[in-house]
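The next block is structure_37.pdb, given as PDB, C-alpha atoms and all ligand atoms.
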```
ATOM      1  CA  MET A  25      37.172   0.177-154.773
ATOM      2  CA  ARG A  26      38.572  -0.230-151.301
ATOM      3  CA  ALA A  27      42.314   0.322-150.868
ATOM      4  CA  MET A  28      44.871   0.665-148.088
ATOM      5  CA  VAL A  29      46.995   3.690-148.880
ATOM      6  CA  PHE A  30      50.437   4.820-147.738
ATOM      7  CA  GLU A  31      50.386   8.565-147.156
ATOM      8  CA  GLN A  32      53.488   9.348-145.129
ATOM      9  CA  VAL A  33      56.395   7.794-143.275
ATOM     10  CA  GLY A  34      55.672   6.755-139.725
ATOM     11  CA  ARG A  35      51.878   6.710-140.183
ATOM     12  CA  PRO A  36      49.651   3.660-140.561
ATOM     13  CA  LEU A  37      48.092   2.896-143.934
ATOM     14  CA  VAL A  38      44.790   4.688-144.483
ATOM     15  CA  ALA A  39      41.614   2.905-145.631
ATOM     16  CA  ALA A  40      40.305   4.760-148.690
ATOM     17  CA  GLU A  41      37.757   4.537-151.484
ATOM     18  CA  ARG A  42      39.378   4.899-154.881
ATOM     19  CA  GLU A  43      38.262   4.759-158.496
ATOM     20  CA  ILE A  44      38.956   1.380-160.096
ATOM     21  CA  PRO A  45      42.125   2.033-162.137
ATOM     22  CA  ARG A  46      42.082   1.780-165.924
ATOM     23  CA  ALA A  47      44.518  -0.373-167.804
ATOM     24  CA  GLY A  48      46.638   1.585-170.263
ATOM     25  CA  PRO A  49      48.296   0.113-173.370
ATOM     26  CA  GLY A  50      50.159  -3.088-172.488
ATOM     27  CA  GLN A  51      48.644  -3.222-169.016
ATOM     28  CA  LEU A  52      46.283  -5.690-167.402
ATOM     29  CA  LEU A  53      43.368  -4.756-165.180
ATOM     30  CA  ILE A  54      43.480  -7.262-162.334
ATOM     31  CA  GLU A  55      40.900  -8.142-159.722
ATOM     32  CA  VAL A  56      43.040  -8.843-156.647
ATOM     33  CA  ARG A  57      42.436 -12.196-154.969
ATOM     34  CA  ALA A  58      45.289 -12.021-152.464
ATOM     35  CA  CYS A  59      48.288  -9.813-151.738
ATOM     36  CA  GLY A  60      51.200 -10.874-149.583
ATOM     37  CA  VAL A  61      52.716  -8.597-146.955
ATOM     38  CA  CYS A  62      56.504  -8.260-147.105
ATOM     39  CA  ARG A  63      59.156  -6.890-144.786
ATOM     40  CA  THR A  64      59.872  -4.350-147.529
ATOM     41  CA  ASP A  65      56.440  -2.876-146.767
ATOM     42  CA  LEU A  66      57.681  -2.185-143.226
ATOM     43  CA  HIS A  67      60.804  -0.519-144.636
ATOM     44  CA  LEU A  68      58.540   1.679-146.795
ATOM     45  CA  LEU A  69      56.372   2.599-143.798
ATOM     46  CA  ASP A  70      59.444   3.403-141.742
ATOM     47  CA  GLY A  71      61.121   5.449-144.492
ATOM     48  CA  GLU A  72      64.116   3.106-144.739
ATOM     49  CA  VAL A  73      63.173   2.582-148.383
ATOM     50  CA  SER A  74      61.538   5.664-149.849
ATOM     51  CA  VAL A  75      58.186   6.047-151.557
ATOM     52  CA  ASP A  76      58.958   8.988-153.842
ATOM     53  CA  HIS A  77      55.422   9.897-154.834
ATOM     54  CA  PRO A  78      52.856   9.224-152.116
ATOM     55  CA  PRO A  79      50.004   8.579-151.734
ATOM     56  CA  ARG A  80      50.724   5.029-152.857
ATOM     57  CA  ILE A  81      48.921   1.680-152.602
ATOM     58  CA  LEU A  82      51.536  -0.771-151.310
ATOM     59  CA  GLY A  83      51.685  -4.521-151.940
ATOM     60  CA  HIS A  84      53.896  -6.411-154.386
ATOM     61  CA  GLN A  85      52.932 -10.079-154.055
ATOM     62  CA  ILE A  86      49.666  -9.974-155.944
ATOM     63  CA  VAL A  87      47.587 -12.876-157.175
ATOM     64  CA  GLY A  88      44.572 -11.838-159.184
ATOM     65  CA  ALA A  89      42.267 -12.439-162.109
ATOM     66  CA  ALA A  90      43.078 -10.446-165.245
ATOM     67  CA  GLN A  91      40.012  -8.907-166.882
ATOM     68  CA  PRO A  92      38.371  -9.646-169.159
ATOM     69  CA  GLY A  93      38.548 -13.428-169.082
ATOM     70  CA  GLY A  94      39.749 -14.030-165.545
ATOM     71  CA  ARG A  95      43.058 -15.803-166.180
ATOM     72  CA  ILE A  96      45.119 -15.926-162.996
ATOM     73  CA  VAL A  97      48.298 -13.871-162.906
ATOM     74  CA  GLY A  98      50.949 -12.962-160.371
ATOM     75  CA  VAL A  99      52.402  -9.472-160.045
ATOM     76  CA  PRO A 100      55.855  -9.186-158.428
ATOM     77  CA  TRP A 101      57.992  -6.329-157.097
ATOM     78  CA  LEU A 102      59.680  -5.663-160.463
ATOM     79  CA  GLY A 103      56.960  -3.693-162.224
ATOM     80  CA  TRP A 104      58.727  -2.044-165.141
ATOM     81  CA  THR A 105      62.215  -1.651-166.640
ATOM     82  CA  ASP A 106      63.529   0.435-169.537
ATOM     83  CA  GLY A 107      64.736  -2.716-171.338
ATOM     84  CA  ASP A 108      67.562  -0.696-172.756
ATOM     85  CA  CYS A 109      70.270  -0.013-170.180
ATOM     86  CA  VAL A 110      73.478  -2.016-169.768
ATOM     87  CA  TYR A 111      71.880  -4.083-166.976
ATOM     88  CA  CYS A 112      68.693  -4.872-168.872
ATOM     89  CA  ARG A 113      70.634  -5.859-171.981
ATOM     90  CA  GLY A 114      73.014  -7.973-169.876
ATOM     91  CA  GLY A 115      70.328 -10.127-168.275
ATOM     92  CA  ARG A 116      70.357  -8.197-165.012
ATOM     93  CA  GLU A 117      67.129  -6.238-165.287
ATOM     94  CA  ASN A 118      66.851  -6.447-161.501
ATOM     95  CA  LEU A 119      69.536  -3.735-161.433
ATOM     96  CA  CYS A 120      67.931  -1.460-164.058
ATOM     97  CA  ALA A 121      68.573   2.130-162.992
ATOM     98  CA  ASN A 122      65.155   3.191-164.246
ATOM     99  CA  ALA A 123      63.212   0.261-162.811
ATOM    100  CA  ARG A 124      59.823   0.897-161.249
ATOM    101  CA  PHE A 125      58.665  -1.288-158.424
ATOM    102  CA  THR A 126      55.160  -2.462-157.663
ATOM    103  CA  GLY A 127      53.760  -1.023-154.463
ATOM    104  CA  ARG A 128      56.444   1.670-154.341
ATOM    105  CA  ASP A 129      56.596   3.481-157.696
ATOM    106  CA  ILE A 130      53.381   1.948-159.065
ATOM    107  CA  ASP A 131      50.187   1.303-157.097
ATOM    108  CA  GLY A 132      50.204  -2.264-155.799
ATOM    109  CA  GLY A 133      47.855  -4.905-154.522
ATOM    110  CA  MET A 134      46.535  -3.715-151.160
ATOM    111  CA  ALA A 135      43.269  -2.944-152.938
ATOM    112  CA  GLU A 136      40.404  -4.692-154.697
ATOM    113  CA  TRP A 137      41.801  -3.902-158.153
ATOM    114  CA  THR A 138      45.149  -3.025-159.652
ATOM    115  CA  VAL A 139      46.777  -2.602-163.046
ATOM    116  CA  ALA A 140      50.140  -4.022-164.057
ATOM    117  CA  ASP A 141      52.387  -4.137-167.113
ATOM    118  CA  GLU A 142      51.550  -7.457-168.734
ATOM    119  CA  ARG A 143      55.207  -8.139-169.598
ATOM    120  CA  PHE A 144      56.075  -8.294-165.904
ATOM    121  CA  CYS A 145      53.151 -10.489-164.814
ATOM    122  CA  PHE A 146      53.528 -14.238-164.360
ATOM    123  CA  ALA A 147      50.971 -16.738-165.594
ATOM    124  CA  LEU A 148      49.721 -18.850-162.680
ATOM    125  CA  SER A 149      47.659 -21.989-162.646
ATOM    126  CA  ASP A 150      44.122 -21.665-161.344
ATOM    127  CA  GLY A 151      44.424 -24.767-159.185
ATOM    128  CA  HIS A 152      45.856 -23.287-155.986
ATOM    129  CA  PRO A 153      44.321 -20.958-153.401
ATOM    130  CA  ALA A 154      45.480 -17.395-154.140
ATOM    131  CA  GLU A 155      46.560 -16.768-150.549
ATOM    132  CA  GLN A 156      48.872 -19.797-150.669
ATOM    133  CA  VAL A 157      50.508 -18.604-153.879
ATOM    134  CA  ALA A 158      50.952 -14.896-153.029
ATOM    135  CA  PRO A 159      54.034 -15.350-150.773
ATOM    136  CA  LEU A 160      55.855 -17.084-153.610
ATOM    137  CA  LEU A 161      55.949 -13.803-155.525
ATOM    138  CA  CYS A 162      58.483 -12.020-153.326
ATOM    139  CA  ALA A 163      59.382 -14.124-150.298
ATOM    140  CA  GLY A 164      59.748 -17.084-152.632
ATOM    141  CA  LEU A 165      61.305 -15.355-155.628
ATOM    142  CA  ILE A 166      63.897 -13.300-153.778
ATOM    143  CA  GLY A 167      64.617 -16.266-151.529
ATOM    144  CA  TYR A 168      65.179 -18.405-154.609
ATOM    145  CA  ARG A 169      67.551 -15.840-156.106
ATOM    146  CA  ALA A 170      69.439 -15.711-152.798
ATOM    147  CA  LEU A 171      69.633 -19.512-152.707
ATOM    148  CA  ARG A 172      71.073 -19.638-156.243
ATOM    149  CA  PHE A 173      73.771 -17.145-155.184
ATOM    150  CA  CYS A 174      74.817 -19.632-152.496
ATOM    151  CA  GLY A 175      76.178 -22.027-155.138
ATOM    152  CA  ASP A 176      75.765 -25.689-154.278
ATOM    153  CA  PRO A 177      76.168 -25.777-150.482
ATOM    154  CA  PRO A 178      75.701 -29.121-148.708
ATOM    155  CA  ARG A 179      75.063 -27.206-145.459
ATOM    156  CA  LEU A 180      72.960 -24.026-145.654
ATOM    157  CA  GLY A 181      72.188 -21.622-142.807
ATOM    158  CA  LEU A 182      69.116 -19.359-142.768
ATOM    159  CA  TYR A 183      69.167 -16.379-140.388
ATOM    160  CA  GLY A 184      65.680 -15.018-139.750
ATOM    161  CA  PHE A 185      63.110 -17.736-140.291
ATOM    162  CA  GLY A 186      60.172 -15.816-141.724
ATOM    163  CA  ALA A 187      58.274 -15.914-145.001
ATOM    164  CA  SER A 188      61.315 -16.243-147.271
ATOM    165  CA  ALA A 189      63.227 -18.737-145.152
ATOM    166  CA  HIS A 190      60.283 -21.067-144.727
ATOM    167  CA  ILE A 191      60.037 -21.341-148.521
ATOM    168  CA  VAL A 192      63.789 -21.516-149.184
ATOM    169  CA  ALA A 193      64.159 -24.232-146.532
ATOM    170  CA  GLN A 194      61.684 -26.442-148.393
ATOM    171  CA  VAL A 195      63.489 -25.962-151.710
ATOM    172  CA  ALA A 196      66.927 -26.535-150.176
ATOM    173  CA  LEU A 197      65.820 -29.683-148.339
ATOM    174  CA  TRP A 198      64.265 -30.993-151.557
ATOM    175  CA  GLU A 199      67.610 -30.363-153.257
ATOM    176  CA  GLY A 200      69.235 -32.601-150.642
ATOM    177  CA  ARG A 201      70.903 -29.914-148.539
ATOM    178  CA  GLU A 202      71.138 -29.824-144.775
ATOM    179  CA  VAL A 203      69.387 -26.702-143.501
ATOM    180  CA  PHE A 204      70.253 -24.886-140.274
ATOM    181  CA  ALA A 205      67.609 -22.410-139.083
ATOM    182  CA  PHE A 206      68.529 -19.477-136.831
ATOM    183  CA  THR A 207      65.923 -17.406-134.996
ATOM    184  CA  ARG A 208      65.951 -14.601-132.466
ATOM    185  CA  PRO A 209      67.107 -15.844-129.044
ATOM    186  CA  GLY A 210      64.185 -17.312-127.120
ATOM    187  CA  ASP A 211      61.973 -17.771-130.193
ATOM    188  CA  GLU A 212      61.164 -21.403-129.500
ATOM    189  CA  ARG A 213      57.940 -21.228-131.489
ATOM    190  CA  THR A 214      59.761 -20.377-134.719
ATOM    191  CA  GLN A 215      62.417 -22.998-134.017
ATOM    192  CA  ALA A 216      59.664 -25.591-133.630
ATOM    193  CA  PHE A 217      58.068 -24.329-136.856
ATOM    194  CA  ALA A 218      61.386 -24.788-138.677
ATOM    195  CA  ARG A 219      61.812 -28.292-137.272
ATOM    196  CA  GLY A 220      58.278 -29.082-138.430
ATOM    197  CA  LEU A 221      59.408 -28.282-141.981
ATOM    198  CA  GLY A 222      62.180 -30.842-141.617
ATOM    199  CA  VAL A 223      65.263 -28.671-141.105
ATOM    200  CA  THR A 224      68.360 -30.417-139.872
ATOM    201  CA  TRP A 225      68.851 -28.121-136.893
ATOM    202  CA  ALA A 226      67.145 -25.069-135.397
ATOM    203  CA  GLY A 227      68.544 -22.745-132.765
ATOM    204  CA  HIS A 228      69.116 -19.089-132.017
ATOM    205  CA  SER A 229      71.491 -16.837-133.870
ATOM    206  CA  ALA A 230      73.918 -16.375-130.977
ATOM    207  CA  GLU A 231      74.753 -20.054-130.856
ATOM    208  CA  PRO A 232      77.145 -21.694-133.301
ATOM    209  CA  PRO A 233      75.672 -24.388-135.544
ATOM    210  CA  PRO A 234      76.762 -27.960-134.802
ATOM    211  CA  GLU A 235      78.839 -27.963-137.988
ATOM    212  CA  PRO A 236      80.366 -25.193-140.116
ATOM    213  CA  LEU A 237      78.105 -23.940-142.921
ATOM    214  CA  ASP A 238      79.006 -23.858-146.612
ATOM    215  CA  ALA A 239      76.646 -20.958-147.210
ATOM    216  CA  ALA A 240      74.158 -18.831-145.322
ATOM    217  CA  ILE A 241      71.444 -16.334-146.132
ATOM    218  CA  ILE A 242      70.495 -13.527-143.759
ATOM    219  CA  PHE A 243      66.846 -12.518-144.172
ATOM    220  CA  ALA A 244      66.593 -10.584-140.903
ATOM    221  CA  PRO A 245      67.280  -6.849-141.425
ATOM    222  CA  ASP A 246      69.975  -6.867-138.743
ATOM    223  CA  GLY A 247      73.510  -5.960-139.808
ATOM    224  CA  ALA A 248      74.891  -7.318-136.518
ATOM    225  CA  LEU A 249      74.185 -10.793-137.893
ATOM    226  CA  VAL A 250      76.848 -10.418-140.615
ATOM    227  CA  PRO A 251      79.873 -11.195-138.392
ATOM    228  CA  VAL A 252      77.792 -13.798-136.535
ATOM    229  CA  ALA A 253      77.004 -15.642-139.756
ATOM    230  CA  LEU A 254      80.561 -15.274-141.097
ATOM    231  CA  ARG A 255      81.819 -16.927-137.925
ATOM    232  CA  ALA A 256      79.581 -19.917-138.712
ATOM    233  CA  LEU A 257      80.883 -20.267-142.295
ATOM    234  CA  ALA A 258      83.467 -22.812-143.381
ATOM    235  CA  ARG A 259      86.405 -21.703-145.549
ATOM    236  CA  GLY A 260      85.312 -20.537-148.979
ATOM    237  CA  GLY A 261      81.732 -20.130-147.773
ATOM    238  CA  THR A 262      79.267 -17.604-149.143
ATOM    239  CA  LEU A 263      77.052 -15.283-147.138
ATOM    240  CA  VAL A 264      74.084 -13.771-148.996
ATOM    241  CA  LEU A 265      72.190 -10.792-147.602
ATOM    242  CA  GLY A 266      68.603 -11.180-148.699
ATOM    243  CA  GLY A 267      66.935  -7.941-147.620
ATOM    244  CA  ILE A 268      66.422  -4.570-149.300
ATOM    245  CA  HIS A 269      67.486  -2.799-146.122
ATOM    246  CA  MET A 270      69.642  -3.726-143.150
ATOM    247  CA  SER A 271      70.875  -1.869-140.072
ATOM    248  CA  ASP A 272      74.528  -0.792-140.308
ATOM    249  CA  LEU A 273      77.116  -3.524-140.432
ATOM    250  CA  PRO A 274      79.450  -3.501-137.430
ATOM    251  CA  SER A 275      83.215  -3.300-137.708
ATOM    252  CA  MET A 276      84.745  -6.761-137.688
ATOM    253  CA  PRO A 277      88.135  -8.464-137.937
ATOM    254  CA  TYR A 278      89.287  -9.305-141.462
ATOM    255  CA  GLU A 279      89.880 -12.838-140.252
ATOM    256  CA  LEU A 280      86.111 -13.458-140.513
ATOM    257  CA  LEU A 281      86.190 -12.785-144.239
ATOM    258  CA  TRP A 282      89.585 -14.274-145.011
ATOM    259  CA  GLU A 283      89.962 -17.772-146.483
ATOM    260  CA  GLU A 284      87.887 -16.725-149.467
ATOM    261  CA  ARG A 285      84.599 -16.209-147.726
ATOM    262  CA  VAL A 286      82.241 -14.096-149.817
ATOM    263  CA  VAL A 287      79.567 -11.614-148.728
ATOM    264  CA  ARG A 288      77.064 -10.391-151.283
ATOM    265  CA  SER A 289      73.623  -8.840-151.406
ATOM    266  CA  VAL A 290      70.575  -9.695-153.477
ATOM    267  CA  ALA A 291      68.574  -6.941-155.124
ATOM    268  CA  ASN A 292      65.093  -7.399-156.587
ATOM    269  CA  LEU A 293      64.373 -10.119-159.143
ATOM    270  CA  THR A 294      64.473 -10.789-162.837
ATOM    271  CA  ARG A 295      61.559 -12.236-164.766
ATOM    272  CA  ARG A 296      63.721 -15.252-165.390
ATOM    273  CA  ASP A 297      64.015 -15.861-161.617
ATOM    274  CA  GLY A 298      60.235 -15.819-161.495
ATOM    275  CA  GLU A 299      59.760 -18.225-164.365
ATOM    276  CA  GLU A 300      62.313 -20.668-162.945
ATOM    277  CA  PHE A 301      60.997 -20.535-159.404
ATOM    278  CA  LEU A 302      57.297 -20.728-160.288
ATOM    279  CA  GLU A 303      58.069 -23.789-162.390
ATOM    280  CA  LEU A 304      60.059 -25.365-159.552
ATOM    281  CA  ALA A 305      57.714 -24.592-156.622
ATOM    282  CA  PRO A 306      54.952 -27.093-157.525
ATOM    283  CA  ARG A 307      57.533 -29.826-158.099
ATOM    284  CA  VAL A 308      58.981 -29.551-154.572
ATOM    285  CA  PRO A 309      56.102 -28.937-153.744
ATOM    286  CA  VAL A 310      56.460 -25.750-151.715
ATOM    287  CA  ARG A 311      53.672 -25.468-149.153
ATOM    288  CA  THR A 312      53.361 -21.988-147.715
ATOM    289  CA  THR A 313      52.157 -21.332-144.194
ATOM    290  CA  VAL A 314      49.943 -18.269-144.423
ATOM    291  CA  ASN A 315      48.127 -16.025-141.986
ATOM    292  CA  THR A 316      45.301 -14.280-143.789
ATOM    293  CA  TYR A 317      43.889 -10.879-142.866
ATOM    294  CA  PRO A 318      41.051  -8.953-144.460
ATOM    295  CA  LEU A 319      42.374  -6.025-146.528
ATOM    296  CA  GLU A 320      41.112  -3.517-143.955
ATOM    297  CA  ARG A 321      43.355  -5.092-141.334
ATOM    298  CA  ALA A 322      46.569  -4.472-143.288
ATOM    299  CA  ASN A 323      48.020  -2.403-140.447
ATOM    300  CA  GLU A 324      47.468  -5.250-138.011
ATOM    301  CA  ALA A 325      49.195  -7.653-140.411
ATOM    302  CA  LEU A 326      52.162  -5.278-140.665
ATOM    303  CA  GLN A 327      52.406  -4.899-136.888
ATOM    304  CA  ASP A 328      52.195  -8.658-136.402
ATOM    305  CA  LEU A 329      55.008  -9.070-138.952
ATOM    306  CA  ARG A 330      57.106  -6.487-137.139
ATOM    307  CA  ALA A 331      56.556  -8.195-133.786
ATOM    308  CA  GLY A 332      57.112 -11.711-135.154
ATOM    309  CA  ARG A 333      53.673 -12.821-133.978
ATOM    310  CA  PHE A 334      53.100 -15.490-136.640
ATOM    311  CA  SER A 335      55.015 -18.212-138.462
ATOM    312  CA  GLY A 336      55.288 -18.093-142.253
ATOM    313  CA  ALA A 337      53.752 -15.273-144.275
ATOM    314  CA  ALA A 338      50.941 -12.718-143.904
ATOM    315  CA  VAL A 339      48.505 -12.321-146.775
ATOM    316  CA  LEU A 340      45.721  -9.782-147.281
ATOM    317  CA  VAL A 341      42.446 -10.832-148.868
ATOM    318  CA  PRO A 342      40.096  -8.146-150.220
TER     319      PRO A 342
HETATM  320 ZN    ZN B 401      67.303  -1.046-167.667
HETATM  321 ZN    ZN B 402      58.943  -8.155-150.975
END
```

How does the structure come out when it is put into structure tokens?
Amino acid sequence: MRAMVFEQVGRPLVAAEREIPRAGPGQLLIEVRACGVCRTDLHLLDGEVSVDHPPRILGHQIVGAAQPGGRIVGVPWLGWTDGDCVYCRGGRENLCANARFTGRDIDGGMAEWTVADERFCFALSDGHPAEQVAPLLCAGLIGYRALRFCGDPPRLGLYGFGASAHIVAQVALWEGREVFAFTRPGDERTQAFARGLGVTWAGHSAEPPPEPLDAAIIFAPDGALVPVALRALARGGTLVLGGIHMSDLPSMPYELLWEERVVRSVANLTRRDGEEFLELAPRVPVRTTVNTYPLERANEALQDLRAGRFSGAAVLVP
């Protein structure tokens, strides 16, 4: 099979021919139909999140057909847990100390075939194009978890309007919230994209929103946005940090956090997040904006993501 393989930090993925993997006990052999590209893949390439045992096939937003039979499944970032630690037993398997992650610890979906632990795969309906569904599996799922951590905010800010934010915005608007979209300064194209999805307001991150926010999520991996977003929060507001990696947070006056503002991060996902969100998404309905690339052009997709050259999500198709 054809695969795009991570070999070392700072190097592009390498196109390779590999044996089709074999499913072990409890695993599914999956013919990949589409695999979403995630900012986490950039963090892996850059060494900000480590791949402990390269070479590794990246990709953790996989839609494919399980063989034999061809039923459509989704494979997310959470690929395996021990099921036994204090976090797993307490309903927080996303924090399992022994967790293995798809496309980091286990070969992922930037290939024609993959295998995955059946217990961590989601059943998907066959009625939607695979490339439209793939971004739901991380951008959507982690975004949904981040949104739930915001509580019930009438006014929600989203900093960094990429794959996750464009999905979360649709869910939040459907829930009746006002959504304020923040982009990099000068990124008029993304602001227009956000307005096209119906957000209440779109502007750049250096400008204050027209009203204080009850909650905000930062998806951009930029720690300097933390005091910026806190400044935009009303009293008692919650700020959720949605990424797996962020540049260092700057020093800031306590005043920004006082009045019971909360800052918290989101790590990974639980299977329950996935079940809830995949049930909710068609009811909204969430419509993803996708930019598809042939598998061989994975490096181009990653560079376009890094440079912010498209709106929505990038998806690889074998
Ligand atoms: Zn565990
Ligand atoms: Zn991801």

#### Entry: Nearby residues (all atoms listed in the file) at most 12 Å from Asp108 of chain A, same-chain spacing under 2 positions excluded, as a list in words
Trp104, Thr105, Asp106, Val110, Tyr111, Cys112, Arg113, Gly114, Gly115, Arg116, Glu117, Leu119, Cys120, Ala121, Asn122 and Ala123 of chain A

### Message
Selection in question (the file shown): the PyMOL selection byres (((chain A and resi 215) around 12) and not hetatm). Which residues does it include, as a ChimeraX atom specification?
### Response
/A:182-186,189-190,204-214,216-229,335-336

### Task
Please evaluate the PyMOL selection byres (((chain A and resi 155) around 10) and not hetatm) against the structure above and give the resulting residues as JSON, numbers by chain.
{"A": [57, 58, 59, 60, 85, 86, 87, 152, 153, 154, 156, 157, 158, 159, 160, 312, 313, 314, 315, 316, 337, 338, 339, 340, 341]}

### Query
Once the PyMOL selection byres (((not hetatm)) within 6 of (chain B and resi 402)) has been applied to the shown file, what residues remain in the selection, as a ChimeraX atom specification?
/A:62,64,162

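Atom CA of Arg95 of chain A lies 25.0 Å from atom CA of Asp129 of chain A.
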
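As for atom CA of Ala90 of chain A and atom CA of Glu55 of chain A, they are spaced 6.4 Å apart.
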
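If you measure from each of A:Ala40, A:Val56, A:Ala240, A:Ala248 to Val203 of chain A using all atoms listed in the file, the closest one turns out to be A:Ala240.
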
### Query
Using only C-alpha atoms and all ligand atoms, which residue out of A:Pro251, A:Gly88, A:Gly98, A:Gly107 lies closest to ligand ZN 401 (chain B)?
A:Gly107

### Task
Can you work out which one of A:Leu52, A:Cys109, A:Cys174, A:Val308 has the shortest atom-to-atom distance to ligand ZN 401 (chain B), counting all atoms listed in the file?
A:Cys109

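Among the candidate residues A:Pro342, A:Pro245, A:Gly260, A:Pro100, the one lying nearest to Gly164 of chain A is A:Pro100, with distances computed using only C-alpha atoms.
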
Please complete segment 123-135 of chain A with N, CA and C atoms and give it back as a CSV table (one decimal), in the coordinates of the input.
```csv
chain,number,residue,atom,x,y,z
A,123,ALA,N,64.3,1.2,-163.2
A,123,ALA,CA,63.2,0.3,-162.8
A,123,ALA,C,62.1,0.9,-162.0
A,124,ARG,N,60.9,0.5,-162.1
A,124,ARG,CA,59.8,0.9,-161.2
A,124,ARG,C,59.3,-0.3,-160.5
A,125,PHE,N,59.0,-0.2,-159.3
A,125,PHE,CA,58.7,-1.3,-158.4
A,125,PHE,C,57.2,-1.2,-158.0
A,126,THR,N,56.6,-2.4,-158.0
A,126,THR,CA,55.2,-2.5,-157.7
A,126,THR,C,55.0,-2.1,-156.2
A,127,GLY,N,54.0,-1.3,-155.9
A,127,GLY,CA,53.8,-1.0,-154.5
A,127,GLY,C,54.8,-0.1,-153.9
A,128,ARG,N,55.5,0.6,-154.8
A,128,ARG,CA,56.4,1.7,-154.3
A,128,ARG,C,56.4,2.8,-155.4
A,129,ASP,N,56.6,2.5,-156.6
A,129,ASP,CA,56.6,3.5,-157.7
A,129,ASP,C,55.3,3.4,-158.5
A,130,ILE,N,54.6,2.2,-158.4
A,130,ILE,CA,53.4,1.9,-159.1
A,130,ILE,C,52.4,1.5,-158.0
A,131,ASP,N,51.1,1.8,-158.1
A,131,ASP,CA,50.2,1.3,-157.1
A,131,ASP,C,50.2,-0.2,-157.1
A,132,GLY,N,50.1,-0.8,-155.9
A,132,GLY,CA,50.2,-2.3,-155.8
A,132,GLY,C,48.9,-2.9,-155.5
A,133,GLY,N,49.0,-4.0,-154.7
A,133,GLY,CA,47.9,-4.9,-154.5
A,133,GLY,C,47.1,-4.8,-153.2
A,134,MET,N,47.3,-3.8,-152.4
A,134,MET,CA,46.5,-3.7,-151.2
A,134,MET,C,45.3,-2.9,-151.5
A,135,ALA,N,44.5,-3.6,-152.4
A,135,ALA,CA,43.3,-2.9,-152.9
A,135,ALA,C,42.4,-4.0,-153.6
```
